[in-house]
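> Contents of run31.txt (compact mmCIF, C-alpha atoms and all ligand atoms) are given next:
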```
# COMPACT_ATOMS: atom_id res chain seq x y z
CA MET A 1 205.10 87.85 82.36
CA LYS A 2 208.47 87.00 80.85
CA LYS A 3 211.48 87.21 83.13
CA HIS A 4 213.95 89.96 82.24
CA VAL A 5 217.63 89.22 81.75
CA LEU A 6 220.06 92.13 81.46
CA VAL A 7 222.61 91.62 78.67
CA THR A 8 225.51 94.07 78.76
CA GLY A 9 227.09 94.28 75.32
CA GLY A 10 223.88 92.80 73.91
CA ALA A 11 224.31 94.72 70.65
CA GLY A 12 227.67 93.05 70.04
CA TYR A 13 228.58 89.87 68.19
CA ILE A 14 228.29 87.24 70.94
CA GLY A 15 225.83 89.27 73.07
CA SER A 16 223.28 89.59 70.26
CA HIS A 17 223.34 85.84 69.60
CA ALA A 18 222.76 85.28 73.34
CA CYS A 19 219.76 87.67 73.18
CA LYS A 20 218.25 85.66 70.37
CA ARG A 21 218.64 82.45 72.36
CA LEU A 22 217.22 84.01 75.55
CA PHE A 23 214.17 85.18 73.62
CA GLU A 24 213.67 81.75 72.04
CA ASP A 25 213.86 80.19 75.51
CA GLY A 26 211.10 82.43 76.86
CA TYR A 27 213.09 85.23 78.51
CA GLN A 28 212.95 88.95 77.74
CA PRO A 29 216.49 90.25 77.15
CA VAL A 30 217.16 93.89 78.02
CA ILE A 31 220.15 95.15 76.08
CA TYR A 32 222.58 97.54 77.77
CA ASP A 33 225.16 98.82 75.30
CA ASN A 34 227.06 102.03 74.52
CA LEU A 35 227.21 101.04 70.83
CA SER A 36 230.96 101.73 70.74
CA THR A 37 231.47 98.43 68.92
CA GLY A 38 227.94 97.01 68.91
CA HIS A 39 225.25 97.79 66.34
CA ASP A 40 221.67 98.94 66.74
CA TRP A 41 220.67 96.61 63.86
CA ALA A 42 221.73 93.68 66.07
CA VAL A 43 219.16 94.64 68.73
CA LYS A 44 216.14 92.59 67.68
CA TRP A 45 214.89 90.72 70.73
CA GLY A 46 214.40 93.33 73.43
CA PRO A 47 214.68 96.99 74.37
CA LEU A 48 217.99 98.81 74.04
CA VAL A 49 219.17 101.01 76.90
CA LEU A 50 222.00 103.19 75.66
CA GLY A 51 224.61 103.50 78.38
CA ASP A 52 228.14 102.80 79.50
CA LEU A 53 229.10 100.46 82.34
CA LEU A 54 230.69 103.42 84.08
CA GLU A 55 227.38 105.32 84.10
CA LYS A 56 226.13 103.96 87.41
CA GLU A 57 222.92 105.98 87.50
CA ILE A 58 221.72 104.65 84.16
CA LEU A 59 222.56 101.12 85.25
CA GLU A 60 220.64 101.59 88.50
CA SER A 61 217.60 102.82 86.64
CA VAL A 62 217.69 99.75 84.35
CA PHE A 63 217.59 97.48 87.39
CA ASN A 64 214.73 99.55 88.86
CA ASP A 65 212.77 99.47 85.61
CA TYR A 66 213.23 95.80 84.69
CA GLN A 67 214.28 93.89 87.85
CA PRO A 68 216.32 91.34 85.91
CA VAL A 69 216.64 87.81 87.31
CA ALA A 70 220.20 87.55 85.97
CA VAL A 71 222.91 89.46 84.11
CA LEU A 72 224.90 88.18 81.14
CA HIS A 73 227.96 90.43 81.05
CA PHE A 74 229.54 90.65 77.59
CA ALA A 75 230.38 94.38 77.37
CA ALA A 76 234.16 94.77 77.11
CA CYS A 77 236.98 95.85 74.84
CA GLY A 78 238.37 92.72 73.22
CA LEU A 79 241.40 93.37 71.02
CA VAL A 80 244.70 91.99 72.29
CA GLU A 81 246.89 94.32 70.20
CA GLU A 82 244.92 97.42 71.20
CA SER A 83 245.21 96.41 74.85
CA VAL A 84 248.99 96.43 74.55
CA ARG A 85 248.91 99.93 73.01
CA ASP A 86 246.29 101.38 75.38
CA PRO A 87 246.10 99.35 78.60
CA GLU A 88 244.37 102.23 80.44
CA LYS A 89 241.35 101.91 78.16
CA TYR A 90 241.13 98.20 79.04
CA ILE A 91 241.47 98.84 82.78
CA ARG A 92 238.76 101.51 82.63
CA ASN A 93 236.24 99.67 80.47
CA ASN A 94 236.83 96.06 81.44
CA ILE A 95 237.80 96.24 85.12
CA ASP A 96 236.35 99.54 86.39
CA GLY A 97 233.19 99.07 84.31
CA SER A 98 232.68 95.54 85.68
CA LYS A 99 233.20 96.80 89.24
CA VAL A 100 230.41 99.36 88.82
CA LEU A 101 228.14 96.70 87.34
CA ILE A 102 228.88 94.26 90.19
CA ASP A 103 228.19 96.99 92.78
CA VAL A 104 224.82 97.72 91.20
CA ILE A 105 223.95 94.02 90.83
CA LYS A 106 224.62 93.53 94.55
CA ALA A 107 222.80 96.68 95.64
CA LYS A 108 219.76 95.66 93.59
CA LYS A 109 219.97 92.08 94.88
CA CYS A 110 220.11 90.45 91.46
CA PRO A 111 221.49 87.00 92.37
CA VAL A 112 223.22 85.75 89.20
CA MET A 113 225.88 86.87 86.72
CA VAL A 114 227.44 85.03 83.77
CA PHE A 115 230.75 86.61 82.77
CA SER A 116 232.46 86.47 79.35
CA SER A 117 235.99 85.35 79.95
CA SER A 118 238.63 84.03 77.57
CA CYS A 119 241.08 81.21 77.00
CA THR A 120 243.69 83.96 76.67
CA LEU A 121 243.92 83.67 80.49
CA TYR A 122 246.01 80.53 80.09
CA GLY A 123 248.80 82.52 78.41
CA ASN A 124 251.63 80.71 76.65
CA VAL A 125 251.10 77.11 77.65
CA GLU A 126 253.14 74.06 76.81
CA GLN A 127 250.24 71.73 76.10
CA SER A 128 247.73 72.36 73.34
CA VAL A 129 244.58 70.90 74.97
CA LEU A 130 243.65 73.10 77.91
CA ASP A 131 241.54 72.31 80.95
CA GLU A 132 240.40 74.58 83.75
CA SER A 133 242.91 73.23 86.28
CA LEU A 134 245.79 74.94 84.45
CA PRO A 135 247.31 77.99 86.13
CA VAL A 136 246.08 81.29 84.75
CA GLN A 137 248.90 83.54 83.57
CA PRO A 138 247.76 86.01 80.92
CA ILE A 139 250.43 87.52 78.70
CA ASN A 140 248.63 90.69 77.58
CA PRO A 141 246.62 93.50 79.23
CA TYR A 142 243.35 92.22 77.74
CA GLY A 143 243.85 88.88 79.48
CA GLU A 144 244.89 90.66 82.69
CA THR A 145 241.58 92.52 82.76
CA LYS A 146 239.59 89.29 82.29
CA LEU A 147 241.55 87.69 85.13
CA ALA A 148 240.99 90.71 87.39
CA VAL A 149 237.21 90.40 86.94
CA GLU A 150 237.31 86.63 87.50
CA ASN A 151 239.14 87.32 90.78
CA ILE A 152 236.57 89.90 91.89
CA LEU A 153 233.79 87.42 91.13
CA ALA A 154 235.59 84.70 93.12
CA GLU A 155 235.72 87.01 96.14
CA GLU A 156 232.03 87.85 95.75
CA ARG A 157 231.14 84.17 95.55
CA GLN A 158 233.08 83.48 98.73
CA ALA A 159 231.35 86.35 100.47
CA GLY A 160 228.05 84.83 99.35
CA GLY A 161 226.87 88.00 97.62
CA LEU A 162 226.67 86.97 94.00
CA ASN A 163 226.43 83.59 92.30
CA SER A 164 228.48 83.74 89.10
CA ILE A 165 230.47 81.86 86.52
CA ALA A 166 233.23 82.86 84.11
CA LEU A 167 232.86 81.22 80.71
CA ARG A 168 236.25 81.06 79.03
CA TYR A 169 235.68 81.09 75.29
CA PHE A 170 238.10 79.82 72.73
CA ASN A 171 237.70 81.38 69.24
CA ALA A 172 234.12 82.58 68.78
CA ALA A 173 233.17 82.28 65.11
CA GLY A 174 230.32 81.70 62.65
CA ALA A 175 226.94 83.41 62.42
CA ASP A 176 223.30 82.76 63.29
CA PRO A 177 222.27 79.78 61.08
CA GLU A 178 219.01 81.65 60.27
CA GLY A 179 221.04 84.58 58.96
CA GLU A 180 219.53 87.25 61.23
CA ILE A 181 222.78 88.40 62.84
CA GLY A 182 226.50 87.85 62.39
CA GLU A 183 229.99 89.20 62.95
CA ASP A 184 230.78 92.82 62.08
CA HIS A 185 233.90 94.34 63.65
CA ASP A 186 235.72 97.47 62.60
CA PRO A 187 238.62 96.93 62.30
CA GLU A 188 238.23 93.21 61.63
CA THR A 189 241.26 91.31 62.88
CA HIS A 190 239.83 87.79 63.17
CA LEU A 191 240.87 85.06 60.81
CA ILE A 192 237.58 83.69 59.46
CA PRO A 193 235.97 87.04 58.48
CA ARG A 194 239.27 88.18 56.96
CA VAL A 195 239.58 85.07 54.81
CA ILE A 196 235.94 85.48 53.76
CA SER A 197 236.64 89.12 52.84
CA ALA A 198 239.42 87.89 50.56
CA ALA A 199 236.99 85.42 48.95
CA LEU A 200 234.56 88.31 48.41
CA GLY A 201 237.31 90.40 46.81
CA GLN A 202 237.23 92.97 49.63
CA LEU A 203 240.82 92.15 50.64
CA PRO A 204 243.54 91.57 48.03
CA GLU A 205 244.99 88.53 49.82
CA VAL A 206 245.09 86.44 52.98
CA LYS A 207 248.27 86.53 55.01
CA ILE A 208 249.03 83.48 57.13
CA PHE A 209 250.89 84.69 60.21
CA GLY A 210 253.67 82.10 60.37
CA ASP A 211 254.00 78.59 58.94
CA ASP A 212 256.88 77.41 61.10
CA TYR A 213 254.95 76.53 64.25
CA PRO A 214 255.32 73.04 65.75
CA THR A 215 251.92 71.97 64.38
CA GLU A 216 251.03 69.46 61.68
CA ASP A 217 251.03 71.97 58.79
CA GLY A 218 253.13 74.69 60.49
CA SER A 219 250.29 77.21 60.92
CA CYS A 220 248.60 78.04 64.25
CA VAL A 221 245.82 75.80 65.51
CA ARG A 222 242.70 77.21 67.23
CA ASP A 223 239.40 75.89 68.51
CA TYR A 224 236.62 77.69 66.58
CA ILE A 225 233.44 77.57 68.62
CA HIS A 226 230.21 78.56 66.89
CA VAL A 227 228.63 81.69 68.36
CA SER A 228 225.20 80.01 68.56
CA ASP A 229 226.73 77.21 70.64
CA LEU A 230 228.17 79.87 72.95
CA ALA A 231 224.70 81.42 73.24
CA VAL A 232 223.14 78.11 74.35
CA ALA A 233 225.88 77.63 76.96
CA HIS A 234 225.19 81.07 78.44
CA VAL A 235 221.48 80.45 78.89
CA THR A 236 222.13 76.99 80.35
CA ALA A 237 224.75 78.36 82.78
CA MET A 238 222.37 81.15 83.82
CA GLU A 239 219.55 78.69 84.53
CA LYS A 240 221.84 76.39 86.52
CA LEU A 241 223.05 79.34 88.61
CA ILE A 242 219.50 80.49 89.33
CA THR A 243 218.73 77.15 90.94
CA GLY A 244 222.15 76.00 92.16
CA GLU A 245 225.91 76.18 91.95
CA LEU A 246 228.52 75.84 89.23
CA PRO A 247 232.33 75.86 89.32
CA PRO A 248 233.89 79.35 89.08
CA ALA A 249 235.10 78.90 85.49
CA ILE A 250 234.31 76.63 82.55
CA ASN A 251 235.95 76.43 79.11
CA LEU A 252 233.72 76.79 76.07
CA GLY A 253 235.24 75.30 72.96
CA ALA A 254 234.41 72.64 70.43
CA GLY A 255 237.41 70.54 71.39
CA ILE A 256 238.42 70.51 67.70
CA GLY A 257 241.70 72.04 66.50
CA SER A 258 241.75 73.70 63.07
CA SER A 259 244.85 75.28 61.59
CA VAL A 260 244.97 78.59 59.72
CA LYS A 261 245.58 76.57 56.55
CA ASP A 262 242.51 74.40 57.30
CA VAL A 263 240.41 77.58 57.57
CA VAL A 264 241.73 78.95 54.27
CA ALA A 265 241.01 75.63 52.51
CA CYS A 266 237.53 75.44 54.02
CA VAL A 267 236.63 78.99 52.88
CA LYS A 268 237.87 78.18 49.36
CA LYS A 269 235.76 75.01 49.30
CA ILE A 270 232.58 76.56 50.65
CA SER A 271 232.76 79.79 48.63
CA GLY A 272 233.98 78.08 45.46
CA ARG A 273 236.34 81.03 45.02
CA ASP A 274 240.09 81.28 44.82
CA PHE A 275 242.20 84.14 46.20
CA PRO A 276 245.90 84.81 46.84
CA VAL A 277 247.37 83.45 50.07
CA LYS A 278 250.78 84.57 51.33
CA ILE A 279 252.90 83.40 54.22
CA GLY A 280 253.90 86.27 56.50
CA PRO A 281 255.91 86.46 59.73
CA ARG A 282 254.48 85.25 63.03
CA ARG A 283 252.19 87.67 64.88
CA ASP A 284 253.50 88.63 68.30
CA GLY A 285 251.99 86.73 71.19
CA ASP A 286 250.31 83.95 69.19
CA PRO A 287 250.58 80.55 70.90
CA ALA A 288 251.04 77.62 68.47
CA ALA A 289 247.88 75.74 69.45
CA LEU A 290 244.90 76.34 71.76
CA VAL A 291 242.19 73.69 71.97
CA ALA A 292 239.63 73.34 74.76
CA ASP A 293 239.22 70.34 76.98
CA THR A 294 235.42 70.33 77.03
CA ALA A 295 234.84 67.70 79.74
CA LEU A 296 233.84 70.16 82.45
CA ALA A 297 231.32 71.94 80.19
CA GLN A 298 229.80 68.59 79.26
CA LYS A 299 229.59 67.49 82.88
CA GLU A 300 228.37 70.71 84.51
CA LEU A 301 226.25 72.22 81.73
CA SER A 302 225.28 69.01 79.92
CA TRP A 303 226.42 71.06 76.95
CA SER A 304 228.30 70.18 73.82
CA SER A 305 228.66 72.08 70.59
CA GLN A 306 226.14 71.48 67.80
CA TYR A 307 227.32 73.85 65.08
CA SER A 308 231.07 73.90 65.65
CA ASP A 309 232.44 71.62 62.95
CA LEU A 310 234.57 73.86 60.75
CA GLU A 311 232.30 73.55 57.68
CA THR A 312 229.25 74.77 59.62
CA VAL A 313 231.21 77.57 61.28
CA VAL A 314 232.61 78.77 57.95
CA GLY A 315 229.37 78.06 56.06
CA THR A 316 227.19 80.20 58.36
CA ALA A 317 229.81 82.99 58.38
CA TRP A 318 230.05 82.86 54.57
CA GLN A 319 226.26 83.13 54.21
CA TRP A 320 226.16 86.11 56.55
CA HIS A 321 228.99 88.03 54.88
CA GLN A 322 227.71 87.25 51.41
CA ASN A 323 224.26 88.61 52.34
CA GLN A 324 225.82 91.74 53.83
CA ASN A 325 227.75 92.23 50.62
CA ALA A 326 224.70 91.78 48.39
N1 LIG B 401 245.61 84.83 61.56
C1 LIG B 401 246.27 84.84 60.34
N2 LIG B 401 245.96 85.82 59.45
C2 LIG B 401 245.03 86.80 59.72
C3 LIG B 401 244.38 86.78 60.96
C4 LIG B 401 244.69 85.78 61.87
O1 LIG B 401 247.10 83.96 60.06
O2 LIG B 401 244.81 87.67 58.84
C5 LIG B 401 245.90 83.75 62.52
C6 LIG B 401 246.40 84.23 63.87
O3 LIG B 401 247.78 84.41 63.85
C7 LIG B 401 245.93 83.09 64.78
C8 LIG B 401 244.65 82.58 64.11
O4 LIG B 401 244.68 83.08 62.79
O5 LIG B 401 246.87 82.04 64.75
C9 LIG B 401 243.41 83.10 64.79
O6 LIG B 401 243.53 84.50 64.95
P1 LIG B 401 242.32 85.43 65.43
O7 LIG B 401 242.85 86.84 65.43
O8 LIG B 401 241.11 85.13 64.63
O9 LIG B 401 242.03 84.93 66.90
P2 LIG B 401 243.02 84.84 68.15
O10 LIG B 401 243.25 83.38 68.36
O11 LIG B 401 244.21 85.69 68.06
O12 LIG B 401 242.11 85.56 69.24
C10 LIG B 401 241.05 84.96 69.85
C11 LIG B 401 240.02 85.98 70.31
C12 LIG B 401 240.62 86.90 71.35
C13 LIG B 401 241.19 86.08 72.47
C14 LIG B 401 242.17 85.08 71.91
C15 LIG B 401 242.69 84.16 72.96
O13 LIG B 401 239.58 86.73 69.21
O14 LIG B 401 239.60 87.73 71.87
O15 LIG B 401 241.53 84.26 70.95
O16 LIG B 401 243.84 83.52 72.52
F1 LIG B 401 241.84 86.85 73.37
```
Here is the file; what I need is its structure written in the form of structure tokens.

Amino acid sequence: MKKHVLVTGGAGYIGSHACKRLFEDGYQPVIYDNLSTGHDWAVKWGPLVLGDLLEKEILESVFNDYQPVAVLHFAACGLVEESVRDPEKYIRNNIDGSKVLIDVIKAKKCPVMVFSSSCTLYGNVEQSVLDESLPVQPINPYGETKLAVENILAEERQAGGLNSIALRYFNAAGADPEGEIGEDHDPETHLIPRVISAALGQLPEVKIFGDDYPTEDGSCVRDYIHVSDLAVAHVTAMEKLITGELPPAINLGAGIGSSVKDVVACVKKISGRDFPVKIGPRRDGDPAALVADTALAQKELSWSSQYSDLETVVGTAWQWHQNQNA
């Protein structure tokens, strides 16, 4: 019989790609999602249990029914701006929800958890290439909630109760190369889907948030990591934790910096379409450049990105959005 893996937030963007990968690698994902931002059409590789992290009894029954060998924990609110407006929501869903989940995991003696963390933990840093030894100093409530859960997991590891890792993603992007699933947020705030929407005529223009940053072309630089590469890293980390130990946190990025202007040019090239681009003011809280040092991921997970060159990231996203539009 296939081993069950519980995937919280498995109907969401990154969670659904992880479910596909788990299934391909011989596991049976069990999706736990309240569908607040996830989609039932993204649940294709295992049963969906509709529930919230705060609903302890439903969570307990999932563990009783499926006895998962590990938990991949994606379910969370993930918008920086919203977290500034409504920090309570982020404390409730991201911290309190994770605490309930961790309590149930321990009570049911499930030994392994892989946690979705974020490079936003590093805050406003001087250097642009970031490794895991940097101090963590988040500058928004969203980042604070990710740090709080990392700290709880560190305590649990020390107490010997739960073997876990926090995977700190840079900018998740792209879509399943086979076109089965992709990104669908409402509202959509992320750069690549917004630029693609402009190419599809769904947005009148692209606004570049600032072109006076100390970067080569003046626009912000980010490390766009393909969502299918993230999925592979999760399954690898889970398997390593089942049989051994990993460091408490590992960065997941491509190690490639692309500017906002690079992304706009790449979408124009791949789509073959032109659209208006305007320069707007800087967006609050945006660091100039964030690129992952990927050495630890390579060493500990024997992992490196396969799909994360900008053309593949944008190309798979373009295919997905074009198909959705058709
Ligand atoms: N940008 C624009 N125009 C837009 C949208 C975005 O110029 O219409 C710029 C942003 O200013 C930023 C870059 O494009 O410089 C990327 O912005 P995204 O909103 O796509 O991504 P962020 O880097 O802000 O956020 C991502 C994740 C968050 C995470 C954060 C950590 O989506 O979950 O990285 O820094 F917290």
> Have a look at CA of Gly38 in chain A and CA of Gly255 in chain A and let me know their distance in Å, one decimal.
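So the two atoms, CA of Gly38 in chain A and CA of Gly255 in chain A, lie 28.2 Å apart.
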> Using all atoms listed in the file, pick whichever of A:Ala237, A:Leu53, A:Ile95, A:Ile139 has the shortest atom-to-atom distance to ligand LIG 401 (chain B).
A:Ile139
> Hey, what's within 10 Å of Gly182 in chain A if we count only C-alpha atoms and toss same-chain stuff fewer than 2 positions away? As a PyMOL selection string, please?
chain A and resi 12-14+16-17+42+173-180+184-185+227+316-321+324
> Convert the current residue selection to file output with C-alpha atoms, as a CSV table (one decimal), in the frame of the given file.

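Below is the file part.csv, written as the result:
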```csv
chain,number,residue,atom,x,y,z
A,12,GLY,CA,227.7,93.0,70.0
A,13,TYR,CA,228.6,89.9,68.2
A,14,ILE,CA,228.3,87.2,70.9
A,16,SER,CA,223.3,89.6,70.3
A,17,HIS,CA,223.3,85.8,69.6
A,42,ALA,CA,221.7,93.7,66.1
A,173,ALA,CA,233.2,82.3,65.1
A,174,GLY,CA,230.3,81.7,62.6
A,175,ALA,CA,226.9,83.4,62.4
A,176,ASP,CA,223.3,82.8,63.3
A,177,PRO,CA,222.3,79.8,61.1
A,178,GLU,CA,219.0,81.6,60.3
A,179,GLY,CA,221.0,84.6,59.0
A,180,GLU,CA,219.5,87.2,61.2
A,184,ASP,CA,230.8,92.8,62.1
A,185,HIS,CA,233.9,94.3,63.6
A,227,VAL,CA,228.6,81.7,68.4
A,316,THR,CA,227.2,80.2,58.4
A,317,ALA,CA,229.8,83.0,58.4
A,318,TRP,CA,230.0,82.9,54.6
A,319,GLN,CA,226.3,83.1,54.2
A,320,TRP,CA,226.2,86.1,56.6
A,321,HIS,CA,229.0,88.0,54.9
A,324,GLN,CA,225.8,91.7,53.8
```
> For Gly253 in chain A, please output as a PyMOL selection string all residues within 8 Å (counting all atoms listed in the file; exclusion window: fewer than 2 positions along the same chain).
chain A and resi 169-171+223-225+251+255-256+291-294+305
> Once you add 3 Å to each side, what are the centre and edge lengths of the axis-aligned box holding all listed atoms of range 274-278 of chain A? One decimal in Å, as JSON, if you can.

```
{"center_x": 245.4, "center_y": 83.0, "center_z": 48.1, "size_x": 16.7, "size_y": 9.5, "size_z": 12.5}
```
> Can you pull out every residue within 7 Å of Tyr307 in chain A, counting only C-alpha atoms, but drop anything in the same chain fewer than 6 positions away, and send it as number ranges by chain?
A: 226, 229, 313
> Keeping C-alpha atoms for every residue in the selection just given, could you write it to a file as a PDB file, in the frame of the given file?

```
ATOM      1  CA  HIS A 226     230.210  78.560  66.890  1.00  0.00           C
ATOM      2  CA  ASP A 229     226.730  77.210  70.640  1.00  0.00           C
ATOM      3  CA  VAL A 313     231.210  77.570  61.280  1.00  0.00           C
TER       4      VAL A 313
END
```
> Within 10 Å of (228.2, 84.4, 94.3) in the file's own coordinates, which protein, DNA or RNA residues have an atom, counting all atoms listed in the file? List them as a ChimeraX atom specification.
/A:106,111-113,153-165,241,245-246,248
